[in-house]
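A.B. asks: This one is query.csv, CSV, C-alpha atoms and all ligand atoms.
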chain,number,residue,atom,x,y,z
A,5,MET,CA,-12.9,-13.7,-12.3
A,6,ALA,CA,-14.1,-10.7,-10.3
A,7,GLY,CA,-12.7,-7.3,-11.1
A,8,TYR,CA,-11.6,-4.6,-8.6
A,9,HIS,CA,-14.7,-3.3,-6.7
A,10,SER,CA,-14.5,-0.4,-4.3
A,11,PRO,CA,-17.6,1.8,-4.7
A,12,GLN,CA,-16.8,5.5,-5.0
A,13,ILE,CA,-19.9,7.4,-3.8
A,14,ASP,CA,-20.4,11.1,-3.7
A,15,VAL,CA,-20.4,11.8,0.1
A,16,ALA,CA,-19.2,14.6,2.4
A,17,VAL,CA,-16.7,12.4,4.3
A,18,ARG,CA,-14.5,10.0,2.3
A,19,LEU,CA,-12.7,7.5,4.5
A,20,ASN,CA,-12.6,4.5,2.2
A,21,THR,CA,-9.3,4.5,0.2
A,22,ASN,CA,-6.6,5.4,2.7
A,23,GLU,CA,-5.7,8.6,0.9
A,24,SER,CA,-4.2,11.6,2.8
A,25,PRO,CA,-7.0,13.8,4.2
A,26,GLU,CA,-4.8,16.8,3.5
A,27,PRO,CA,-3.6,18.1,0.1
A,28,PRO,CA,0.1,18.4,-0.6
A,29,PRO,CA,2.0,21.3,1.2
A,30,ALA,CA,1.6,24.9,0.1
A,31,GLY,CA,3.7,25.7,-2.9
A,32,PHE,CA,3.8,22.1,-4.3
A,33,ALA,CA,1.1,22.6,-7.0
A,34,GLU,CA,2.7,25.9,-8.1
A,35,ALA,CA,6.2,24.2,-8.4
A,36,VAL,CA,4.7,21.3,-10.4
A,37,ALA,CA,2.9,23.8,-12.7
A,38,GLU,CA,6.2,25.6,-13.3
A,39,GLY,CA,7.8,22.3,-14.3
A,40,VAL,CA,4.8,21.3,-16.5
A,41,LEU,CA,5.0,24.7,-18.4
A,42,ALA,CA,8.6,23.8,-19.4
A,43,ILE,CA,7.8,20.3,-20.8
A,44,ASP,CA,8.6,19.7,-24.5
A,45,TRP,CA,5.2,18.4,-25.3
A,46,HIS,CA,6.1,17.1,-28.7
A,47,ARG,CA,8.8,14.8,-27.2
A,48,TYR,CA,8.4,11.5,-25.3
A,49,PRO,CA,9.3,11.8,-21.6
A,50,GLU,CA,12.7,10.8,-20.4
A,51,ARG,CA,12.4,7.0,-20.7
A,52,ALA,CA,14.4,6.0,-17.7
A,53,ALA,CA,12.9,8.6,-15.4
A,54,SER,CA,16.6,9.1,-14.2
A,55,GLU,CA,16.2,12.2,-12.2
A,56,LEU,CA,13.2,10.9,-10.3
A,57,ARG,CA,14.8,7.5,-9.7
A,58,ALA,CA,18.0,9.1,-8.5
A,59,ARG,CA,16.2,11.5,-6.2
A,60,ILE,CA,14.0,8.7,-4.7
A,61,GLY,CA,17.1,6.5,-4.3
A,62,ALA,CA,19.0,9.3,-2.5
A,63,THR,CA,16.3,9.5,0.2
A,64,TYR,CA,17.1,5.9,1.1
A,65,GLY,CA,20.9,6.0,0.5
A,66,LEU,CA,20.4,3.9,-2.7
A,67,SER,CA,21.4,4.5,-6.3
A,68,GLU,CA,19.2,5.2,-9.3
A,69,ALA,CA,19.9,1.7,-10.5
A,70,GLN,CA,18.2,0.3,-7.4
A,71,VAL,CA,14.9,2.1,-8.0
A,72,PHE,CA,12.1,1.3,-10.4
A,73,ALA,CA,9.2,3.7,-10.7
A,74,ALA,CA,5.8,3.2,-12.3
A,75,ASN,CA,2.2,4.5,-12.4
A,76,GLY,CA,1.2,3.7,-8.9
A,77,SER,CA,2.6,0.8,-6.8
A,78,ASN,CA,0.0,-1.4,-8.5
A,79,GLU,CA,1.8,-1.0,-11.8
A,80,VAL,CA,5.0,-1.7,-10.0
A,81,LEU,CA,3.6,-5.0,-8.6
A,82,GLN,CA,2.1,-5.9,-11.9
A,83,THR,CA,5.5,-5.4,-13.6
A,84,LEU,CA,7.2,-7.5,-10.9
A,85,LEU,CA,4.8,-10.3,-11.6
A,86,LEU,CA,5.1,-10.1,-15.4
A,87,THR,CA,8.8,-10.3,-15.0
A,88,PHE,CA,9.3,-12.9,-12.2
A,89,ALA,CA,6.1,-14.8,-12.2
A,90,GLY,CA,3.4,-15.5,-14.9
A,91,PRO,CA,2.2,-18.8,-16.5
A,92,GLY,CA,3.8,-21.9,-14.9
A,93,ARG,CA,5.1,-19.9,-11.9
A,94,VAL,CA,3.7,-19.4,-8.5
A,95,SER,CA,3.1,-16.4,-6.1
A,96,ALA,CA,2.2,-16.7,-2.4
A,97,VAL,CA,0.1,-14.3,-0.2
A,98,PHE,CA,-1.0,-14.6,3.4
A,99,GLU,CA,-4.7,-13.7,3.9
A,100,PRO,CA,-6.3,-11.5,4.8
A,101,THR,CA,-4.1,-9.0,2.9
A,102,TYR,CA,-4.2,-6.5,0.1
A,103,ALA,CA,-6.5,-8.1,-2.5
A,104,LEU,CA,-4.4,-6.8,-5.5
A,105,HIS,CA,-1.5,-9.1,-4.7
A,106,SER,CA,-3.6,-12.2,-5.6
A,107,HIS,CA,-5.6,-10.3,-8.3
A,108,LEU,CA,-2.5,-9.1,-10.2
A,109,SER,CA,-1.1,-12.6,-9.9
A,110,ARG,CA,-4.1,-14.0,-11.6
A,111,VAL,CA,-4.2,-11.3,-14.2
A,112,THR,CA,-0.6,-12.2,-15.1
A,113,GLY,CA,-1.4,-15.9,-15.3
A,114,THR,CA,0.4,-16.7,-12.1
A,115,THR,CA,-0.8,-19.5,-9.9
A,116,VAL,CA,-1.6,-18.0,-6.4
A,117,ILE,CA,-1.2,-19.9,-3.2
A,118,GLN,CA,-3.2,-18.3,-0.4
A,119,GLY,CA,-1.7,-19.0,3.0
A,120,GLU,CA,-3.4,-17.9,6.2
A,121,ARG,CA,-2.4,-15.5,8.9
A,122,ALA,CA,-2.6,-16.3,12.6
A,123,ASP,CA,-5.8,-15.5,14.5
A,124,ASP,CA,-4.5,-12.0,15.4
A,125,PHE,CA,-3.6,-11.5,11.7
A,126,SER,CA,0.1,-11.6,12.4
A,127,ILE,CA,2.3,-13.7,10.1
A,128,ASP,CA,2.4,-17.3,11.1
A,129,LEU,CA,5.9,-18.5,10.4
A,130,ALA,CA,4.9,-22.2,10.4
A,131,GLU,CA,2.4,-21.4,7.7
A,132,VAL,CA,4.9,-19.5,5.6
A,133,GLU,CA,7.3,-22.5,5.9
A,134,ARG,CA,4.5,-24.9,4.8
A,135,VAL,CA,3.7,-22.7,1.8
A,136,VAL,CA,7.3,-22.1,0.8
A,137,THR,CA,8.3,-25.7,1.2
A,138,ASP,CA,5.3,-27.2,-0.5
A,139,HIS,CA,5.0,-24.7,-3.4
A,140,GLU,CA,8.4,-23.0,-3.8
A,141,PRO,CA,6.8,-19.7,-4.9
A,142,ASP,CA,8.7,-17.5,-7.3
A,143,VAL,CA,7.3,-14.4,-5.6
A,144,VAL,CA,6.2,-14.2,-2.0
A,145,PHE,CA,4.2,-11.1,-0.8
A,146,LEU,CA,4.2,-9.6,2.6
A,147,CYS,CA,2.4,-6.3,3.4
A,148,SER,CA,3.6,-4.3,6.3
A,149,PRO,CA,1.6,-2.5,7.7
A,150,ASN,CA,-0.9,-4.9,6.3
A,151,ASN,CA,-4.0,-3.7,4.4
A,152,PRO,CA,-6.8,-4.1,5.6
A,153,THR,CA,-5.8,-5.2,9.1
A,154,GLY,CA,-3.1,-2.6,10.0
A,155,VAL,CA,-0.8,-5.2,11.5
A,156,VAL,CA,2.9,-4.4,11.3
A,157,ASP,CA,5.3,-7.4,10.8
A,158,THR,CA,8.2,-7.4,13.2
A,159,PRO,CA,11.8,-7.2,11.9
A,160,ASP,CA,12.3,-10.8,13.1
A,161,THR,CA,9.3,-12.0,11.1
A,162,ILE,CA,10.5,-10.3,7.9
A,163,ARG,CA,14.0,-11.7,8.4
A,164,ALA,CA,12.7,-15.2,9.0
A,165,VAL,CA,10.5,-15.1,5.9
A,166,LEU,CA,13.3,-13.7,3.8
A,167,GLU,CA,15.6,-16.7,4.9
A,168,MET,CA,12.9,-19.2,3.8
A,169,VAL,CA,12.3,-17.5,0.5
A,170,LYS,CA,16.0,-17.3,-0.2
A,171,GLY,CA,16.3,-21.0,0.6
A,172,SER,CA,13.7,-21.8,-2.0
A,173,GLY,CA,15.1,-19.6,-4.8
A,174,GLY,CA,12.2,-17.1,-4.8
A,175,LEU,CA,11.8,-13.3,-4.4
A,176,LEU,CA,10.3,-11.6,-1.4
A,177,CYS,CA,8.3,-8.5,-2.0
A,178,VAL,CA,7.4,-6.4,1.0
A,179,ASP,CA,4.6,-4.0,0.2
A,180,GLU,CA,5.2,-0.9,2.3
A,181,ALA,CA,2.5,1.3,0.9
A,182,TYR,CA,1.9,2.5,4.5
A,183,GLY,CA,5.6,2.1,5.5
A,184,GLN,CA,6.0,5.7,6.7
A,185,PHE,CA,3.9,4.8,9.7
A,186,SER,CA,6.2,1.9,10.8
A,187,ASP,CA,9.4,2.1,12.9
A,188,PHE,CA,11.0,-0.6,10.8
A,189,SER,CA,11.4,-0.8,7.1
A,190,ALA,CA,12.6,-3.8,5.1
A,191,VAL,CA,14.6,-1.3,3.1
A,192,GLU,CA,17.4,-1.8,5.6
A,193,LEU,CA,17.7,-5.5,4.6
A,194,LEU,CA,18.2,-4.7,0.9
A,195,ASP,CA,21.5,-5.7,-0.7
A,196,GLU,CA,22.7,-6.9,-4.0
A,197,GLY,CA,22.9,-10.5,-2.9
A,198,THR,CA,19.4,-10.7,-1.3
A,199,PRO,CA,16.2,-11.6,-3.2
A,200,LEU,CA,14.2,-8.8,-1.6
A,201,VAL,CA,12.3,-5.9,-3.0
A,202,VAL,CA,10.3,-3.2,-1.2
A,203,SER,CA,7.4,-1.3,-2.9
A,204,ARG,CA,6.2,2.1,-1.8
A,205,THR,CA,3.7,4.7,-3.1
A,206,TYR,CA,3.1,8.4,-3.3
A,207,SER,CA,-0.7,7.8,-3.1
A,208,LYS,CA,-1.2,7.6,0.7
A,209,THR,CA,0.7,9.8,3.2
A,210,TRP,CA,2.4,11.6,0.4
A,211,ALA,CA,-1.0,13.0,-0.7
A,212,MET,CA,-0.5,12.4,-4.4
A,213,ALA,CA,-3.1,9.7,-5.2
A,214,ALA,CA,-4.1,11.8,-8.3
A,215,ALA,CA,-0.6,11.5,-9.8
A,216,ARG,CA,-0.4,7.7,-9.9
A,217,LEU,CA,3.2,7.1,-8.8
A,218,GLY,CA,4.8,4.2,-7.0
A,219,TYR,CA,8.2,2.7,-6.8
A,220,LEU,CA,10.2,-0.3,-5.9
A,221,LEU,CA,13.6,-0.4,-4.1
A,222,ALA,CA,15.6,-3.5,-5.1
A,223,PRO,CA,18.9,-5.0,-6.0
A,224,ASP,CA,20.0,-3.5,-9.4
A,225,TRP,CA,19.7,-7.0,-11.1
A,226,VAL,CA,16.0,-6.9,-10.3
A,227,VAL,CA,15.5,-3.4,-11.7
A,228,ARG,CA,17.3,-4.3,-14.9
A,229,GLU,CA,14.9,-7.1,-15.5
A,230,LEU,CA,11.8,-4.9,-14.8
A,231,ASP,CA,13.1,-2.3,-17.2
A,232,LYS,CA,13.1,-5.0,-20.0
A,233,VAL,CA,9.4,-5.8,-19.3
A,234,VAL,CA,7.7,-2.5,-18.6
A,235,LEU,CA,6.3,-0.6,-21.6
A,236,PRO,CA,8.6,2.0,-23.1
A,237,TYR,CA,7.9,5.6,-21.9
A,238,HIS,CA,5.3,4.3,-19.4
A,239,LEU,CA,5.9,7.2,-16.9
A,240,ASP,CA,4.8,10.5,-18.4
A,241,ALA,CA,6.6,13.8,-18.0
A,242,MET,CA,4.1,15.3,-15.6
A,243,THR,CA,4.2,12.4,-13.2
A,244,GLN,CA,8.0,12.5,-13.2
A,245,ILE,CA,8.0,16.2,-12.4
A,246,ALA,CA,5.4,15.8,-9.7
A,247,GLY,CA,7.3,13.0,-8.1
A,248,THR,CA,10.6,14.9,-8.1
A,249,VAL,CA,9.1,18.1,-6.8
A,250,ALA,CA,7.4,16.3,-3.9
A,251,LEU,CA,10.8,15.2,-2.6
A,252,ASP,CA,11.6,18.9,-1.9
A,253,TYR,CA,8.8,18.7,0.8
A,254,LEU,CA,10.1,15.8,2.9
A,255,ASP,CA,9.8,17.6,6.2
A,256,ALA,CA,6.2,18.6,5.6
A,257,MET,CA,5.4,15.0,4.7
A,258,HIS,CA,7.0,13.7,7.9
A,259,ASP,CA,5.0,16.3,9.9
A,260,ARG,CA,1.8,15.0,8.2
A,261,VAL,CA,2.6,11.4,9.3
A,262,GLU,CA,3.1,12.6,12.9
A,263,ARG,CA,-0.3,14.4,12.8
A,264,LEU,CA,-2.0,11.4,11.4
A,265,VAL,CA,-0.5,9.1,14.0
A,266,GLU,CA,-1.8,11.4,16.7
A,267,GLU,CA,-5.2,11.6,15.2
A,268,ARG,CA,-5.3,7.8,14.8
A,269,GLY,CA,-4.6,7.5,18.6
A,270,ARG,CA,-7.5,9.9,19.3
A,271,LEU,CA,-9.9,8.0,16.9
A,272,VAL,CA,-9.0,4.6,18.3
A,273,GLU,CA,-9.6,5.9,21.9
A,274,ARG,CA,-13.0,7.2,20.9
A,275,LEU,CA,-13.9,4.0,19.0
A,276,ALA,CA,-13.1,2.0,22.1
A,277,ASP,CA,-16.2,3.6,23.8
A,278,LEU,CA,-18.5,2.1,21.1
A,279,PRO,CA,-19.8,-1.5,21.0
A,280,LEU,CA,-17.2,-2.8,18.5
A,281,GLU,CA,-13.9,-4.6,18.2
A,282,VAL,CA,-11.0,-2.4,17.0
A,283,TRP,CA,-7.6,-3.9,15.8
A,284,PRO,CA,-4.3,-2.1,16.7
A,285,SER,CA,-3.1,-0.4,13.6
A,286,GLY,CA,0.3,0.7,12.4
A,287,ALA,CA,-1.1,2.5,9.3
A,288,ASN,CA,-3.4,5.4,8.4
A,289,PHE,CA,-6.5,3.3,8.8
A,290,VAL,CA,-8.2,1.1,11.4
A,291,LEU,CA,-10.2,-2.1,11.1
A,292,ILE,CA,-13.3,-2.4,13.2
A,293,ARG,CA,-16.0,-5.1,13.7
A,294,PRO,CA,-19.3,-3.7,15.2
A,295,ALA,CA,-20.8,-6.0,17.8
A,296,ASN,CA,-24.3,-7.3,17.2
A,297,HIS,CA,-24.6,-5.6,13.9
A,298,ASP,CA,-24.3,-6.8,10.4
A,299,GLY,CA,-21.4,-5.0,8.5
A,300,ASN,CA,-23.5,-4.2,5.4
A,301,THR,CA,-26.1,-2.5,7.6
A,302,VAL,CA,-23.6,-0.4,9.4
A,303,TRP,CA,-21.8,0.5,6.1
A,304,GLN,CA,-25.1,1.6,4.6
A,305,GLY,CA,-26.1,3.5,7.7
A,306,LEU,CA,-22.8,5.5,7.4
A,307,VAL,CA,-23.4,6.2,3.7
A,308,ASP,CA,-26.9,7.4,4.6
A,309,ARG,CA,-25.1,9.9,6.9
A,310,SER,CA,-22.7,10.9,4.1
A,311,VAL,CA,-19.7,9.0,5.4
A,312,LEU,CA,-18.0,6.4,3.2
A,313,VAL,CA,-15.7,3.7,4.7
A,314,ARG,CA,-14.5,0.4,3.1
A,315,ASN,CA,-16.9,-2.4,3.6
A,316,CYS,CA,-14.8,-5.6,4.2
A,317,SER,CA,-17.6,-7.5,5.7
A,318,THR,CA,-17.9,-10.1,3.1
A,319,TRP,CA,-14.1,-10.8,2.8
A,320,PRO,CA,-12.8,-14.1,4.1
A,321,ARG,CA,-12.1,-14.0,7.9
A,322,LEU,CA,-13.3,-10.3,8.0
A,323,ASP,CA,-17.0,-11.1,8.6
A,324,GLY,CA,-18.7,-7.9,9.6
A,325,CYS,CA,-15.6,-5.7,9.4
A,326,LEU,CA,-15.2,-2.1,8.1
A,327,ARG,CA,-12.0,-0.3,7.4
A,328,ILE,CA,-11.8,3.4,8.3
A,329,THR,CA,-9.2,5.7,6.9
A,330,ILE,CA,-7.9,8.3,9.3
A,331,GLY,CA,-9.3,11.6,8.2
A,332,THR,CA,-9.0,15.2,9.5
A,333,PRO,CA,-10.2,15.6,13.2
A,334,GLU,CA,-13.5,17.1,11.7
A,335,GLU,CA,-14.0,14.2,9.4
A,336,ASP,CA,-13.3,11.7,12.1
A,337,ASP,CA,-15.8,13.5,14.4
A,338,ARG,CA,-18.5,13.2,11.7
A,339,LEU,CA,-17.7,9.5,11.4
A,340,LEU,CA,-17.9,9.0,15.2
A,341,ASP,CA,-21.2,10.8,15.4
A,342,ALA,CA,-22.6,8.8,12.5
A,343,LEU,CA,-21.3,5.5,13.9
A,344,THR,CA,-22.7,6.2,17.3
A,345,GLU,CA,-26.1,6.8,15.8
A,346,VAL,CA,-26.0,3.7,13.6
A,347,LEU,CA,-24.9,1.5,16.5
A,348,ALA,CA,-27.5,3.0,19.0
B,401,LIG,C1,-1.0,-2.3,0.4
B,401,LIG,C2,-1.2,-1.5,-0.8
B,401,LIG,N1,-0.3,-1.6,-1.8
B,401,LIG,C3,-0.4,-0.9,-2.9
B,401,LIG,C4,-1.5,-0.1,-3.1
B,401,LIG,C5,-1.6,0.6,-4.4
B,401,LIG,O1,-1.3,1.9,-4.3
B,401,LIG,P1,-1.0,2.8,-5.7
B,401,LIG,O2,-1.2,2.0,-6.9
B,401,LIG,O3,-2.0,3.9,-5.5
B,401,LIG,O4,0.4,3.2,-5.5
B,401,LIG,C6,-2.4,0.1,-2.1
B,401,LIG,C7,-3.6,1.0,-2.3
B,401,LIG,O5,-4.6,0.9,-1.6
B,401,LIG,C8,-2.3,-0.7,-0.9
B,401,LIG,O6,-3.2,-0.6,0.1
Would you put the structure from the file into structure tokens?
Ligand SMILES: Cc1ncc(COP(=O)(O)O)c(C=O)c1O

C.D. replies:
Amino acid sequence: MAGYHSPQIDVAVRLNTNESPEPPPAGFAEAVAEGVLAIDWHRYPERAASELRARIGATYGLSEAQVFAANGSNEVLQTLLLTFAGPGRVSAVFEPTYALHSHLSRVTGTTVIQGERADDFSIDLAEVERVVTDHEPDVVFLCSPNNPTGVVDTPDTIRAVLEMVKGSGGLLCVDEAYGQFSDFSAVELLDEGTPLVVSRTYSKTWAMAAARLGYLLAPDWVVRELDKVVLPYHLDAMTQIAGTVALDYLDAMHDRVERLVEERGRLVERLADLPLEVWPSGANFVLIRPANHDGNTVWQGLVDRSVLVRNCSTWPRLDGCLRITIGTPEEDDRLLDALTEVLA
């Protein structure tokens, strides 16, 4: 099987991995450093990460028992698959979507069923029904806003998929890595009797990709099972501290989301003047398809001008497409200048 490939090239403008273009708020690093100085380094970290889980839960009106935290949402998703899927079991994804859902499924020995999205990349409920009825997947993934297309699932879509998954005895995982950008969160559908989990990350809008921290909001019976499977002491003391301190800066994080949404609007408006197709996005990135140009050539032309975006041009159904992370206004202006030159 192929591994995870996303070239990291040393360039001036990095718009390829949907990180926050700004560092965390002033005072954050100092507060983390203070916590780190107080760590008992000869002791294992607190195994259950109780304070972190309780603080995350409180921001959603949930209890510690309904939160599972791990080293990035990728580790969260891997633990979910190790626990509820694996050899002899089935997961379902709807393409094009986040490649790690099917990759982690394969890594855990899970059989992956790849359903298709509609032409506009929205979820096609008839296709979900077909997949769920024919394969009765143990874990079904949705991703909203969806990476790499930016499409946000409507509340009705998520509710309808949840009903189907419930009917077949599976578990629905809604990956909300970019959920801060969306008006609706599946978190409001969580309850103890519903087979629904929602994953989120500190890596994107929360400006903490370096820390590797993600979490899952779920009924407590799901979290109890995940705790049995995950490695003991998997979440180190520094990460727990960083994740807890970050929650003191919720207002600054919400301001950041607002600024990025405004900047996304400006970027999309400027992109509309260029010879390319641009998809409406509910995330901190946009998907484009340059007209009359091969995606690889445009990607290389941007790299030659020290701008790195994600090349999706060889991915199924994304022929010629590039995904651009929203940067600072200065970074986005450099991207626009480079793109204008390459497409001229
Ligand atoms: C949809 C989605 N889910 C999960 C992740 C993984 O995030 P992390 O492991 O950094 O929390 C990403 C990162 O690109 C993503 O796009």

A.B. asks: Give the answer as one residue: which of A:Glu281, A:Glu133, A:Asp255, A:Asp231 has the shortest atom-to-atom distance to A:Thr83, using all atoms listed in the file?

C.D. replies: A:Asp231

A.B. asks: What gap, in Å, lies between atom CA of A:Leu193 and atom CA of A:Leu86?

C.D. replies: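 Separating atom CA of A:Leu193 from atom CA of A:Leu86 is a distance of 24.1 Å.
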
A.B. asks: With all atoms listed in the file counted, collect every polymer residue having an atom within 10 Å of ligand LIG 401 (chain B); state the result as a VMD selection string.

C.D. replies: chain A and resid 20 to 23 74 to 82 101 to 105 146 to 152 154 178 to 183 203 to 208 212 to 219 287

A.B. asks: How far is it from atom CA of A:Gln244 to atom CA of A:Ala53, in Å with one decimal?

C.D. replies: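 Between these atoms lies a distance of 6.6 Å.
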
A.B. asks: With all atoms listed in the file as the counted atoms, please give the residues lying no more than 9 Å from stretch 317-322 of chain A, apart from itself and same-chain residues fewer than 4 positions off, as a list in words.

C.D. replies: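 Surrounding residues, per the criterion: Glu99, Pro100, Arg293, Asp298, Gly299, Asn300 and Leu326 of chain A.
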
A.B. asks: I need the residue nearest A:Leu239 from this list: A:Asp195, A:Glu262, A:Glu50, A:Glu335. Use all atoms listed in the file for the distance.

C.D. replies: A:Glu50

A.B. asks: What gap, in Å, lies between atom CA of A:Gln12 and atom CA of A:Phe98?

C.D. replies: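 Interatomic distance, atom CA of A:Gln12 to atom CA of A:Phe98: 26.9 Å.
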
A.B. asks: Counting only C-alpha atoms, which residues sit no farther than 12 Å from the position (-15.6, 1.8, 24.0) in the file's frame? I'd like them as JSON, numbers by chain.

C.D. replies: {"A": [271, 272, 273, 274, 275, 276, 277, 278, 279, 280, 281, 282, 292, 294, 295, 340, 344, 347]}

A.B. asks: Kindly complete stretch 152-171 of chain A to N, CA and C atoms; the output should be written as a short mmCIF file (atom, residue, chain, number, x, y, z; two decimals), in the frame of the given file.

C.D. replies:
data_model
loop_
_atom_site.label_atom_id
_atom_site.label_comp_id
_atom_site.auth_asym_id
_atom_site.auth_seq_id
_atom_site.Cartn_x
_atom_site.Cartn_y
_atom_site.Cartn_z
N PRO A 152 -5.97 -5.07 4.87
CA PRO A 152 -6.80 -4.10 5.60
C PRO A 152 -6.65 -4.18 7.14
N THR A 153 -5.72 -4.96 7.68
CA THR A 153 -5.80 -5.20 9.10
C THR A 153 -4.98 -4.17 9.94
N GLY A 154 -3.98 -3.54 9.31
CA GLY A 154 -3.10 -2.60 10.00
C GLY A 154 -1.97 -3.18 10.76
N VAL A 155 -1.87 -4.52 10.73
CA VAL A 155 -0.80 -5.20 11.50
C VAL A 155 0.56 -4.96 10.85
N VAL A 156 1.54 -4.65 11.72
CA VAL A 156 2.90 -4.40 11.30
C VAL A 156 3.74 -5.69 11.53
N ASP A 157 4.47 -6.18 10.54
CA ASP A 157 5.30 -7.40 10.80
C ASP A 157 6.57 -6.93 11.55
N THR A 158 7.02 -7.77 12.47
CA THR A 158 8.20 -7.40 13.20
C THR A 158 9.46 -7.67 12.32
N PRO A 159 10.58 -6.98 12.64
CA PRO A 159 11.80 -7.20 11.90
C PRO A 159 12.17 -8.71 11.87
N ASP A 160 11.98 -9.39 13.01
CA ASP A 160 12.30 -10.80 13.10
C ASP A 160 11.48 -11.64 12.10
N THR A 161 10.20 -11.29 12.00
CA THR A 161 9.30 -12.00 11.10
C THR A 161 9.81 -11.83 9.65
N ILE A 162 10.09 -10.58 9.28
CA ILE A 162 10.50 -10.30 7.90
C ILE A 162 11.83 -11.04 7.61
N ARG A 163 12.75 -10.98 8.57
CA ARG A 163 14.00 -11.70 8.40
C ARG A 163 13.82 -13.17 8.19
N ALA A 164 12.94 -13.75 9.03
CA ALA A 164 12.70 -15.20 9.00
C ALA A 164 12.08 -15.59 7.63
N VAL A 165 11.10 -14.80 7.16
CA VAL A 165 10.50 -15.10 5.90
C VAL A 165 11.49 -14.98 4.76
N LEU A 166 12.32 -13.96 4.84
CA LEU A 166 13.30 -13.70 3.80
C LEU A 166 14.28 -14.95 3.73
N GLU A 167 14.68 -15.48 4.87
CA GLU A 167 15.60 -16.70 4.90
C GLU A 167 14.89 -17.84 4.16
N MET A 168 13.60 -18.03 4.45
CA MET A 168 12.90 -19.20 3.80
C MET A 168 12.81 -18.97 2.32
N VAL A 169 12.47 -17.74 1.89
CA VAL A 169 12.30 -17.50 0.50
C VAL A 169 13.64 -17.60 -0.26
N LYS A 170 14.68 -17.13 0.40
CA LYS A 170 16.00 -17.30 -0.20
C LYS A 170 16.35 -18.73 -0.39
N GLY A 171 16.03 -19.55 0.62
CA GLY A 171 16.30 -21.00 0.60
C GLY A 171 15.62 -21.68 -0.59
#
